[in-house]
>>> print(open('structure.cif').read())   # mmCIF, C-alpha atoms
data_work
loop_
_atom_site.label_atom_id
_atom_site.label_comp_id
_atom_site.auth_asym_id
_atom_site.auth_seq_id
_atom_site.Cartn_x
_atom_site.Cartn_y
_atom_site.Cartn_z
CA MET X 916 -31.16 -17.40 103.70
CA SER X 917 -29.67 -17.04 100.26
CA GLU X 918 -26.10 -18.25 99.85
CA THR X 919 -25.17 -14.95 98.21
CA ALA X 920 -25.86 -13.29 101.58
CA GLU X 921 -22.56 -14.78 102.78
CA LEU X 922 -20.67 -12.79 100.18
CA LEU X 923 -21.71 -9.44 101.60
CA GLU X 924 -19.96 -7.54 104.35
CA LEU X 925 -23.30 -6.31 105.74
CA SER X 926 -24.48 -8.64 108.52
CA LYS X 927 -27.33 -11.04 107.82
CA GLU X 928 -29.39 -9.35 110.53
CA ALA X 929 -29.04 -6.02 108.76
CA GLN X 930 -29.77 -7.61 105.35
CA ASP X 931 -32.98 -9.06 106.78
CA LEU X 932 -34.02 -5.87 108.56
CA LEU X 933 -33.54 -3.63 105.52
CA PHE X 934 -34.30 -5.90 102.57
CA ARG X 935 -34.96 -9.62 102.91
CA ASP X 936 -37.58 -9.70 105.68
CA ALA X 937 -38.85 -6.13 105.28
CA ARG X 938 -42.20 -5.69 103.56
CA THR X 939 -44.41 -2.79 102.55
CA VAL X 940 -47.20 -2.47 105.10
CA GLY X 941 -50.70 -1.02 104.79
CA ALA X 942 -52.09 -1.40 108.32
CA PHE X 943 -50.43 -0.45 111.59
CA THR X 944 -50.88 -0.73 115.35
CA ASP X 945 -51.81 2.40 117.33
CA GLU X 946 -48.25 2.79 118.60
CA PRO X 947 -47.15 6.36 117.83
CA VAL X 948 -44.06 7.29 115.84
CA THR X 949 -42.20 9.86 117.92
CA GLU X 950 -40.31 12.93 116.76
CA GLU X 951 -37.27 11.39 118.41
CA GLN X 952 -37.56 8.42 116.05
CA VAL X 953 -37.94 10.66 113.01
CA ARG X 954 -34.90 12.66 114.13
CA ALA X 955 -32.90 9.45 114.48
CA ILE X 956 -33.89 8.38 110.96
CA HIS X 957 -32.92 11.78 109.55
CA ASP X 958 -29.62 11.69 111.40
CA LEU X 959 -28.76 8.42 109.64
CA VAL X 960 -30.08 8.90 106.11
CA LYS X 961 -28.85 12.47 105.74
CA TYR X 962 -25.48 10.93 104.83
CA GLY X 963 -26.78 9.24 101.67
CA PRO X 964 -25.14 10.62 98.51
CA THR X 965 -26.76 13.16 96.15
CA SER X 966 -25.38 14.95 93.07
CA LEU X 967 -23.08 17.75 94.24
CA ASN X 968 -24.52 17.12 97.72
CA THR X 969 -27.64 19.12 96.80
CA GLN X 970 -30.01 17.17 99.15
CA PRO X 971 -33.23 18.47 97.56
CA LEU X 972 -35.59 16.27 99.63
CA ARG X 973 -38.02 18.06 101.96
CA VAL X 974 -40.31 16.16 104.33
CA THR X 975 -43.75 17.25 105.55
CA LEU X 976 -45.04 15.23 108.50
CA VAL X 977 -48.84 15.13 108.38
CA ARG X 978 -49.93 14.76 112.00
CA SER X 979 -53.08 16.78 112.75
CA ALA X 980 -56.46 15.25 111.90
CA GLU X 981 -57.31 18.25 109.76
CA SER X 982 -54.09 18.03 107.75
CA ARG X 983 -54.58 14.30 107.38
CA GLU X 984 -57.96 14.82 105.72
CA ARG X 985 -56.54 17.51 103.44
CA LEU X 986 -54.06 14.88 102.24
CA VAL X 987 -56.42 11.89 102.11
CA GLN X 988 -58.75 13.56 99.59
CA HIS X 989 -55.90 13.55 97.05
CA MET X 990 -54.93 9.91 97.59
CA ALA X 991 -56.09 7.19 95.20
CA GLU X 992 -59.04 5.35 96.70
CA PRO X 993 -57.10 2.19 97.70
CA ASN X 994 -54.63 4.39 99.61
CA GLN X 995 -57.15 6.55 101.48
CA GLU X 996 -58.00 4.45 104.52
CA LYS X 997 -54.42 3.48 105.27
CA THR X 998 -53.29 7.09 104.95
CA ARG X 999 -56.13 8.16 107.25
CA THR X 1000 -55.21 5.69 109.99
CA ALA X 1001 -51.41 5.33 109.89
CA PRO X 1002 -49.61 6.55 113.04
CA LEU X 1003 -47.52 8.92 110.93
CA VAL X 1004 -47.73 10.07 107.32
CA ALA X 1005 -45.06 12.02 105.48
CA ILE X 1006 -45.17 13.84 102.15
CA LEU X 1007 -41.78 13.45 100.48
CA ALA X 1008 -41.16 16.31 98.08
CA TYR X 1009 -38.31 18.17 96.47
CA ASP X 1010 -37.35 21.79 96.88
CA THR X 1011 -37.94 23.44 93.50
CA ALA X 1012 -35.28 26.06 94.35
CA PHE X 1013 -32.72 23.65 95.78
CA HIS X 1014 -29.98 25.24 93.68
CA GLU X 1015 -30.19 28.41 95.78
CA ARG X 1016 -28.86 26.43 98.74
CA GLY X 1017 -25.75 25.45 96.77
CA GLU X 1018 -23.25 27.39 98.86
CA GLU X 1019 -24.55 25.78 102.07
CA VAL X 1020 -24.22 22.23 100.79
CA PHE X 1021 -21.04 22.66 98.76
CA PRO X 1022 -18.99 25.59 100.09
CA GLY X 1023 -17.13 27.23 97.24
CA ARG X 1024 -19.37 25.75 94.55
CA GLY X 1025 -22.55 27.69 95.29
CA GLU X 1026 -22.37 29.86 92.19
CA MET X 1027 -21.57 26.89 89.99
CA ILE X 1028 -24.59 24.98 91.33
CA LYS X 1029 -26.84 28.00 90.87
CA GLY X 1030 -25.71 28.31 87.30
CA MET X 1031 -25.96 24.60 86.46
CA PHE X 1032 -29.57 24.49 87.60
CA ALA X 1033 -30.74 27.96 86.58
CA ASP X 1034 -32.69 26.25 83.80
CA GLU X 1035 -36.01 25.03 85.21
CA ALA X 1036 -36.13 21.81 83.20
CA ALA X 1037 -32.61 20.80 84.26
CA ARG X 1038 -33.47 21.69 87.85
CA ASP X 1039 -36.68 19.67 87.77
CA THR X 1040 -34.96 16.56 86.36
CA ASN X 1041 -32.08 16.73 88.82
CA GLY X 1042 -34.20 17.72 91.83
CA ARG X 1043 -36.59 14.83 91.23
CA LEU X 1044 -33.77 12.36 90.74
CA ASN X 1045 -31.81 13.30 93.83
CA ALA X 1046 -34.84 13.66 96.08
CA THR X 1047 -35.95 10.22 94.91
CA LEU X 1048 -32.58 8.75 95.86
CA GLN X 1049 -33.11 10.34 99.27
CA ILE X 1050 -36.62 8.88 99.47
CA ALA X 1051 -35.14 5.41 99.12
CA TYR X 1052 -32.66 6.22 101.90
CA VAL X 1053 -35.63 7.32 104.06
CA LEU X 1054 -37.57 4.11 103.36
CA LEU X 1055 -34.57 2.07 104.46
CA GLY X 1056 -34.05 4.44 107.41
CA ILE X 1057 -37.61 3.76 108.58
CA ARG X 1058 -36.80 0.06 108.52
CA ALA X 1059 -33.49 0.74 110.27
CA ALA X 1060 -35.54 2.27 113.11
CA GLY X 1061 -37.46 -0.99 113.47
CA LEU X 1062 -40.56 0.50 111.85
CA ALA X 1063 -42.41 -0.38 108.66
CA ALA X 1064 -42.97 1.90 105.67
CA GLY X 1065 -45.91 2.00 103.28
CA PRO X 1066 -44.67 4.15 100.38
CA MET X 1067 -47.26 5.25 97.82
CA THR X 1068 -47.19 6.94 94.43
CA GLY X 1069 -50.94 6.48 93.96
CA PHE X 1070 -52.08 10.05 94.60
CA ASP X 1071 -52.80 13.24 92.70
CA ALA X 1072 -49.44 14.96 93.01
CA ALA X 1073 -50.70 18.23 91.47
CA GLY X 1074 -53.58 18.23 93.96
CA VAL X 1075 -51.27 17.60 96.92
CA ASP X 1076 -48.96 20.36 95.70
CA ARG X 1077 -51.83 22.86 95.42
CA GLU X 1078 -53.05 21.85 98.86
CA PHE X 1079 -49.76 21.97 100.75
CA PHE X 1080 -47.27 23.83 98.55
CA ALA X 1081 -49.41 26.47 96.86
CA ASP X 1082 -46.40 28.77 96.51
CA GLY X 1083 -44.69 26.24 94.25
CA SER X 1084 -41.77 25.82 96.63
CA ARG X 1085 -42.02 22.03 96.64
CA LYS X 1086 -43.29 19.24 94.43
CA SER X 1087 -44.45 15.98 95.96
CA LEU X 1088 -43.04 12.66 94.80
CA VAL X 1089 -44.04 9.96 97.31
CA VAL X 1090 -46.33 9.77 100.34
CA VAL X 1091 -45.29 7.28 103.00
CA ASN X 1092 -47.19 5.76 105.91
CA ILE X 1093 -45.01 4.88 108.90
CA GLY X 1094 -45.62 2.75 111.96
CA THR X 1095 -45.51 -0.68 113.56
CA PRO X 1096 -47.15 -3.37 111.38
CA ALA X 1097 -50.56 -4.58 112.53
CA GLU X 1098 -50.79 -8.31 113.23
CA GLY X 1099 -50.92 -10.36 110.05
CA GLN X 1100 -49.39 -7.58 107.94
CA PRO X 1101 -48.83 -7.78 105.07
CA PRO X 1102 -51.65 -10.21 104.31
CA PHE X 1103 -50.18 -11.59 101.07
CA PRO X 1104 -46.86 -13.23 100.16
CA ARG X 1105 -44.01 -11.23 98.64
CA LEU X 1106 -44.37 -10.54 94.92
CA PRO X 1107 -41.82 -11.97 92.47
CA ARG X 1108 -38.54 -10.23 91.76
CA PHE X 1109 -36.65 -10.16 88.45
CA GLU X 1110 -33.70 -12.51 88.32
CA TYR X 1111 -30.18 -11.22 87.71
CA ASP X 1112 -30.13 -12.03 84.00
CA GLU X 1113 -33.35 -10.11 83.43
CA VAL X 1114 -31.90 -6.96 84.96
CA VAL X 1115 -28.15 -7.01 84.30
CA THR X 1116 -26.42 -7.12 80.91
CA GLU X 1117 -22.76 -6.65 80.05
CA VAL X 1118 -21.15 -4.76 77.18
CA MET M 1167 -20.96 8.18 117.02
CA SER M 1168 -24.15 10.18 117.22
CA GLU M 1169 -26.39 9.49 120.20
CA THR M 1170 -29.36 9.06 117.86
CA ALA M 1171 -27.61 5.95 116.51
CA GLU M 1172 -28.62 4.22 119.74
CA LEU M 1173 -32.29 4.70 118.91
CA LEU M 1174 -32.13 2.61 115.77
CA GLU M 1175 -32.57 -1.13 115.53
CA LEU M 1176 -29.94 -1.35 112.79
CA SER M 1177 -26.53 -2.15 114.30
CA LYS M 1178 -23.93 0.59 114.53
CA GLU M 1179 -21.62 -1.44 112.29
CA ALA M 1180 -24.30 -1.50 109.58
CA GLN M 1181 -25.08 2.22 110.05
CA ASP M 1182 -21.41 2.99 109.55
CA LEU M 1183 -20.98 0.67 106.56
CA LEU M 1184 -24.00 2.02 104.68
CA PHE M 1185 -24.22 5.65 105.76
CA ARG M 1186 -22.00 7.18 108.42
CA ASP M 1187 -18.55 6.08 107.29
CA ALA M 1188 -19.38 5.48 103.63
CA ARG M 1189 -18.20 8.07 101.14
CA THR M 1190 -18.46 8.64 97.42
CA VAL M 1191 -15.18 7.62 95.83
CA GLY M 1192 -13.50 8.74 92.61
CA ALA M 1193 -10.33 6.62 92.50
CA PHE M 1194 -10.01 2.90 93.05
CA THR M 1195 -7.41 0.16 93.45
CA ASP M 1196 -6.91 -2.35 90.61
CA GLU M 1197 -8.84 -5.05 92.48
CA PRO M 1198 -11.55 -6.34 90.13
CA VAL M 1199 -15.26 -6.41 90.94
CA THR M 1200 -16.44 -9.93 90.16
CA GLU M 1201 -19.73 -11.05 88.63
CA GLU M 1202 -20.27 -13.03 91.83
CA GLN M 1203 -20.18 -9.78 93.80
CA VAL M 1204 -22.60 -8.07 91.42
CA ARG M 1205 -24.94 -11.08 91.68
CA ALA M 1206 -24.79 -10.89 95.48
CA ILE M 1207 -25.66 -7.18 95.37
CA HIS M 1208 -28.59 -7.84 93.04
CA ASP M 1209 -29.80 -10.69 95.20
CA LEU M 1210 -30.05 -8.27 98.14
CA VAL M 1211 -31.34 -5.07 96.60
CA LYS M 1212 -33.93 -6.75 94.39
CA TYR M 1213 -36.16 -6.79 97.47
CA GLY M 1214 -36.37 -3.00 97.74
CA PRO M 1215 -39.91 -1.69 97.21
CA THR M 1216 -41.20 -0.14 93.95
CA SER M 1217 -44.70 1.04 92.96
CA LEU M 1218 -46.81 -2.03 92.15
CA ASN M 1219 -43.53 -3.99 92.22
CA THR M 1220 -42.71 -2.76 88.71
CA GLN M 1221 -38.90 -2.86 89.17
CA PRO M 1222 -38.08 -0.75 86.08
CA LEU M 1223 -34.31 -0.54 86.72
CA ARG M 1224 -32.01 -2.14 84.15
CA VAL M 1225 -28.25 -2.32 84.62
CA THR M 1226 -25.59 -2.31 81.90
CA LEU M 1227 -22.13 -3.33 83.12
CA VAL M 1228 -19.50 -1.59 81.01
CA ARG M 1229 -16.50 -3.92 81.09
CA SER M 1230 -14.71 -4.04 77.73
CA ALA M 1231 -12.19 -1.30 76.93
CA GLU M 1232 -14.09 -0.45 73.76
CA SER M 1233 -17.42 -0.07 75.58
CA ARG M 1234 -15.73 1.97 78.26
CA GLU M 1235 -14.52 4.50 75.69
CA ARG M 1236 -17.96 4.66 74.10
CA LEU M 1237 -19.28 5.68 77.50
CA VAL M 1238 -16.45 7.99 78.56
CA GLN M 1239 -16.96 10.32 75.58
CA HIS M 1240 -20.42 11.19 76.95
CA MET M 1241 -19.27 11.85 80.51
CA ALA M 1242 -18.69 15.38 81.78
CA GLU M 1243 -14.98 16.16 81.73
CA PRO M 1244 -14.44 15.85 85.52
CA ASN M 1245 -16.00 12.35 85.38
CA GLN M 1246 -14.05 11.02 82.39
CA GLU M 1247 -10.83 9.77 83.94
CA LYS M 1248 -12.50 8.05 86.88
CA THR M 1249 -14.98 6.36 84.55
CA ARG M 1250 -12.12 5.25 82.30
CA THR M 1251 -10.14 3.68 85.14
CA ALA M 1252 -12.73 2.30 87.62
CA PRO M 1253 -12.68 -1.50 88.02
CA LEU M 1254 -16.35 -1.67 87.06
CA VAL M 1255 -18.76 0.89 85.62
CA ALA M 1256 -22.53 0.44 85.36
CA ILE M 1257 -25.12 2.44 83.45
CA LEU M 1258 -28.29 2.52 85.54
CA ALA M 1259 -31.32 3.05 83.32
CA TYR M 1260 -35.03 2.40 83.28
CA ASP M 1261 -36.98 0.17 80.96
CA THR M 1262 -39.21 2.47 78.89
CA ALA M 1263 -41.69 -0.40 78.40
CA PHE M 1264 -41.66 -1.65 82.00
CA HIS M 1265 -45.45 -1.76 82.05
CA GLU M 1266 -45.42 -4.67 79.60
CA ARG M 1267 -43.80 -6.80 82.29
CA GLY M 1268 -46.71 -6.11 84.67
CA GLU M 1269 -48.08 -9.64 84.76
CA GLU M 1270 -44.64 -11.05 85.67
CA VAL M 1271 -44.11 -8.70 88.59
CA PHE M 1272 -47.69 -8.57 89.86
CA PRO M 1273 -49.60 -11.70 88.82
CA GLY M 1274 -53.25 -10.85 88.26
CA ARG M 1275 -52.59 -7.13 87.85
CA GLY M 1276 -50.75 -7.19 84.54
CA GLU M 1277 -53.56 -5.64 82.53
CA MET M 1278 -54.16 -2.98 85.16
CA ILE M 1279 -50.46 -2.02 85.12
CA LYS M 1280 -50.42 -1.94 81.32
CA GLY M 1281 -53.41 0.36 81.33
CA MET M 1282 -52.15 2.68 84.08
CA PHE M 1283 -48.91 3.30 82.22
CA ALA M 1284 -50.14 3.20 78.63
CA ASP M 1285 -49.65 6.97 78.56
CA GLU M 1286 -46.00 7.71 77.80
CA ALA M 1287 -45.73 10.73 80.12
CA ALA M 1288 -47.16 8.80 83.08
CA ARG M 1289 -44.87 5.89 82.26
CA ASP M 1290 -41.82 8.13 82.04
CA THR M 1291 -42.53 9.82 85.39
CA ASN M 1292 -43.20 6.56 87.18
CA GLY M 1293 -40.40 4.62 85.50
CA ARG M 1294 -37.85 7.27 86.38
CA LEU M 1295 -39.07 7.51 89.97
CA ASN M 1296 -39.06 3.79 90.67
CA ALA M 1297 -35.79 3.09 88.89
CA THR M 1298 -34.25 5.92 90.90
CA LEU M 1299 -35.43 4.35 94.15
CA GLN M 1300 -33.78 1.15 92.92
CA ILE M 1301 -30.58 3.06 92.10
CA ALA M 1302 -30.36 4.14 95.74
CA TYR M 1303 -30.83 0.52 96.81
CA VAL M 1304 -27.98 -0.43 94.45
CA LEU M 1305 -25.68 2.28 95.85
CA LEU M 1306 -26.29 0.97 99.36
CA GLY M 1307 -25.94 -2.61 98.08
CA ILE M 1308 -22.50 -1.79 96.69
CA ARG M 1309 -21.54 -0.56 100.15
CA ALA M 1310 -23.14 -3.65 101.71
CA ALA M 1311 -20.72 -5.70 99.62
CA GLY M 1312 -17.78 -3.86 101.17
CA LEU M 1313 -17.16 -1.87 98.00
CA ALA M 1314 -17.34 1.86 97.30
CA ALA M 1315 -19.62 3.59 94.79
CA GLY M 1316 -18.98 6.71 92.76
CA PRO M 1317 -22.42 7.65 91.40
CA MET M 1318 -22.54 10.35 88.71
CA THR M 1319 -25.26 12.39 87.01
CA GLY M 1320 -22.71 14.52 85.19
CA PHE M 1321 -23.03 13.00 81.70
CA ASP M 1322 -24.97 13.54 78.49
CA ALA M 1323 -27.89 11.18 79.06
CA ALA M 1324 -29.25 11.62 75.54
CA GLY M 1325 -25.80 10.81 74.16
CA VAL M 1326 -25.44 7.69 76.32
CA ASP M 1327 -28.92 6.58 75.28
CA ARG M 1328 -28.12 7.00 71.58
CA GLU M 1329 -24.84 5.13 72.07
CA PHE M 1330 -26.13 2.17 74.08
CA PHE M 1331 -29.93 2.12 73.76
CA ALA M 1332 -30.51 3.32 70.20
CA ASP M 1333 -33.78 1.39 70.04
CA GLY M 1334 -35.22 3.55 72.83
CA SER M 1335 -35.73 0.57 75.11
CA ARG M 1336 -33.95 2.23 78.04
CA LYS M 1337 -33.17 5.69 79.31
CA SER M 1338 -30.10 6.27 81.46
CA LEU M 1339 -30.35 7.99 84.84
CA VAL M 1340 -27.08 7.48 86.71
CA VAL M 1341 -23.63 6.07 85.88
CA VAL M 1342 -21.79 4.51 88.79
CA ASN M 1343 -18.15 3.57 89.26
CA ILE M 1344 -17.59 0.60 91.56
CA GLY M 1345 -14.50 -0.76 93.29
CA THR M 1346 -12.23 -0.67 96.29
CA PRO M 1347 -11.20 2.87 97.28
CA ALA M 1348 -7.62 3.87 96.44
CA GLU M 1349 -5.50 4.96 99.39
CA GLY M 1350 -6.39 8.42 100.60
CA GLN M 1351 -9.87 8.35 99.01
CA PRO M 1352 -11.83 10.52 99.17
CA PRO M 1353 -9.24 13.30 99.43
CA PHE M 1354 -11.58 15.88 101.03
CA PRO M 1355 -13.74 15.89 104.17
CA ARG M 1356 -17.45 15.09 104.04
CA LEU M 1357 -19.61 17.99 102.86
CA PRO M 1358 -22.23 19.49 105.21
CA ARG M 1359 -25.67 17.96 105.61
CA PHE M 1360 -28.93 19.82 106.27
CA GLU M 1361 -30.10 19.66 109.87
CA TYR M 1362 -33.45 18.13 110.78
CA ASP M 1363 -35.28 21.45 111.03
CA GLU M 1364 -34.15 22.48 107.56
CA VAL M 1365 -35.60 19.33 106.01
CA VAL M 1366 -38.60 18.32 108.14
CA THR M 1367 -41.71 20.39 108.86
CA GLU M 1368 -44.97 19.34 110.48
CA VAL M 1369 -48.56 20.21 109.58
#
>>> encode(input="structure.cif", output="structure tokens")
Amino acid sequence: MSETAELLELSKEAQDLLFRDARTVGAFTDEPVTEEQVRAIHDLVKYGPTSLNTQPLRVTLVRSAESRERLVQHMAEPNQEKTRTAPLVAILAYDTAFHERGEEVFPGRGEMIKGMFADEAARDTNGRLNATLQIAYVLLGIRAAGLAAGPMTGFDAAGVDREFFADGSRKSLVVVNIGTPAEGQPPFPRLPRFEYDEVVTEV
Amino acid sequence: MSETAELLELSKEAQDLLFRDARTVGAFTDEPVTEEQVRAIHDLVKYGPTSLNTQPLRVTLVRSAESRERLVQHMAEPNQEKTRTAPLVAILAYDTAFHERGEEVFPGRGEMIKGMFADEAARDTNGRLNATLQIAYVLLGIRAAGLAAGPMTGFDAAGVDREFFADGSRKSLVVVNIGTPAEGQPPFPRLPRFEYDEVVTEV
């Protein structure tokens, strides 16, 4: 346990569960992930902050065998088998018309939000950014539920979007496998992290 | 307390600290944020997952009064005063040449990472996405330290980049104010969140 852990208000157990002991996993037991668990994760991570509360993340749970194969064909080869066999797989995407929900998420500011993101390029940049913040909340939420996440960006996003969101209503950002880690997972030690002075500068 | 909270392994105290009770804050007390606190946050959130462990996030702490003014001029008007007066402000950006650090973050895969992200468009998409995941880890890390975060996307990113990263080495994504909430903060109730069925679909 790092001595800096003592400086945080978050308990050491929670630090370990979410960050220090948690690892990305590629193989899982057969134990199913229930809708109740996914609802509990949503009910926690929905509170994470987004710009103007826009919450552009949309989640597609890929459960049926047929849907799973439709997804797997667009995954990079090293991600195919784990995506085929994980107890639950989710496509994490953003709503390309999130600005139209402005009045629901920020009562009184709906028109302002619509106007700010009327431009498609501005909407794309902001939708991606905020949905990606929410993806990180989801990854930590999966861990908070006592499960392991295997997030992946190695897939053909345009192919996934054609396959699942042919109307252009969503664009995929990350695919995540979810479940209980198989024994011996992950099979390799944690990769190195950048030290403070490599990441943080002061002006 | 929501009944779904019981279904999670993460303690209720931690759920409250990171998500349920935590709020975005715009005004702070004068209590300083120390380098020791920022180091403790880094030492926790550095473990959050990124694609191929690339860790493209770079953090610029804006402490001096002169630097603060250089930043404030590029903030949207509603964000100027809070950015001027927050105990600590950080520019959260991504390293536009993160792929060159591949061998450090993933020993044995350095050349592969360099090759995968040799294309500037691919590098930009992936760098933004992974740094944004890391930004969410930082926001939760600030809360883990018992502090409040005021993340903002309302600023002229191109202007900030010209001002602070004129060599093109970084591109800014989010600016965050950090400190202890002033009394009565935030002054308005939490905004609505989308329900499960509005966010999650199954195929």
>>> resolve_selection(input="structure.cif", expression="the PyMOL selection byres ((chain X) within 7 of (chain M))", output="PyMOL selection string")
chain X and resi 919-920+922-925+929+934-935+954-955+957-963+966+973-979+982+1020-1021+1044+1047-1048+1051-1052+1059-1061+1067-1068+1106-1108+1111+1114-1118
>>> atom_distance(input="structure.cif", atom1="atom CA of M:Phe1264", atom2="atom CA of X:Val1075")
26.2 Å
>>> residues_around(input="structure.cif", residues="X:Pro1102", least_positions_apart="6", cutoff="10 Å", atoms="all atoms listed in the file", output="list in words")
Val940, Gly941 and Ala942 of chain X
>>> residues_around(input="structure.cif", residues="M:Lys1280", least_positions_apart="4", cutoff="9 Å", atoms="only C-alpha atoms", output="list in words")
Phe1264, His1265, Glu1266, Arg1267, Gly1268, Glu1269, Arg1275, Gly1276 and Ala1284 of chain M
>>> atom_distance(input="structure.cif", atom1="atom CA of M:Phe1194", atom2="atom CA of M:Gln1239")
20.2 Å
>>> axis_aligned_box(input="structure.cif", around="stretch 1262-1273 of chain M", padding_each_side="4 Å", output="lines of an AutoDock Vina configuration file")
center_x = -44.4
center_y = -4.6
center_z = 84.1
size_x = 18.4
size_y = 22.2
size_z = 19.5
>>> atom_distance(input="structure.cif", atom1="atom CA of M:Gln1246", atom2="atom CA of M:Gly1325")
14.3 Å
>>> closest_residue(input="structure.cif", among="M:Lys1248, M:Lys1178, M:Arg1328, M:Arg1289", to="M:Arg1236", atoms="only C-alpha atoms")
M:Arg1328
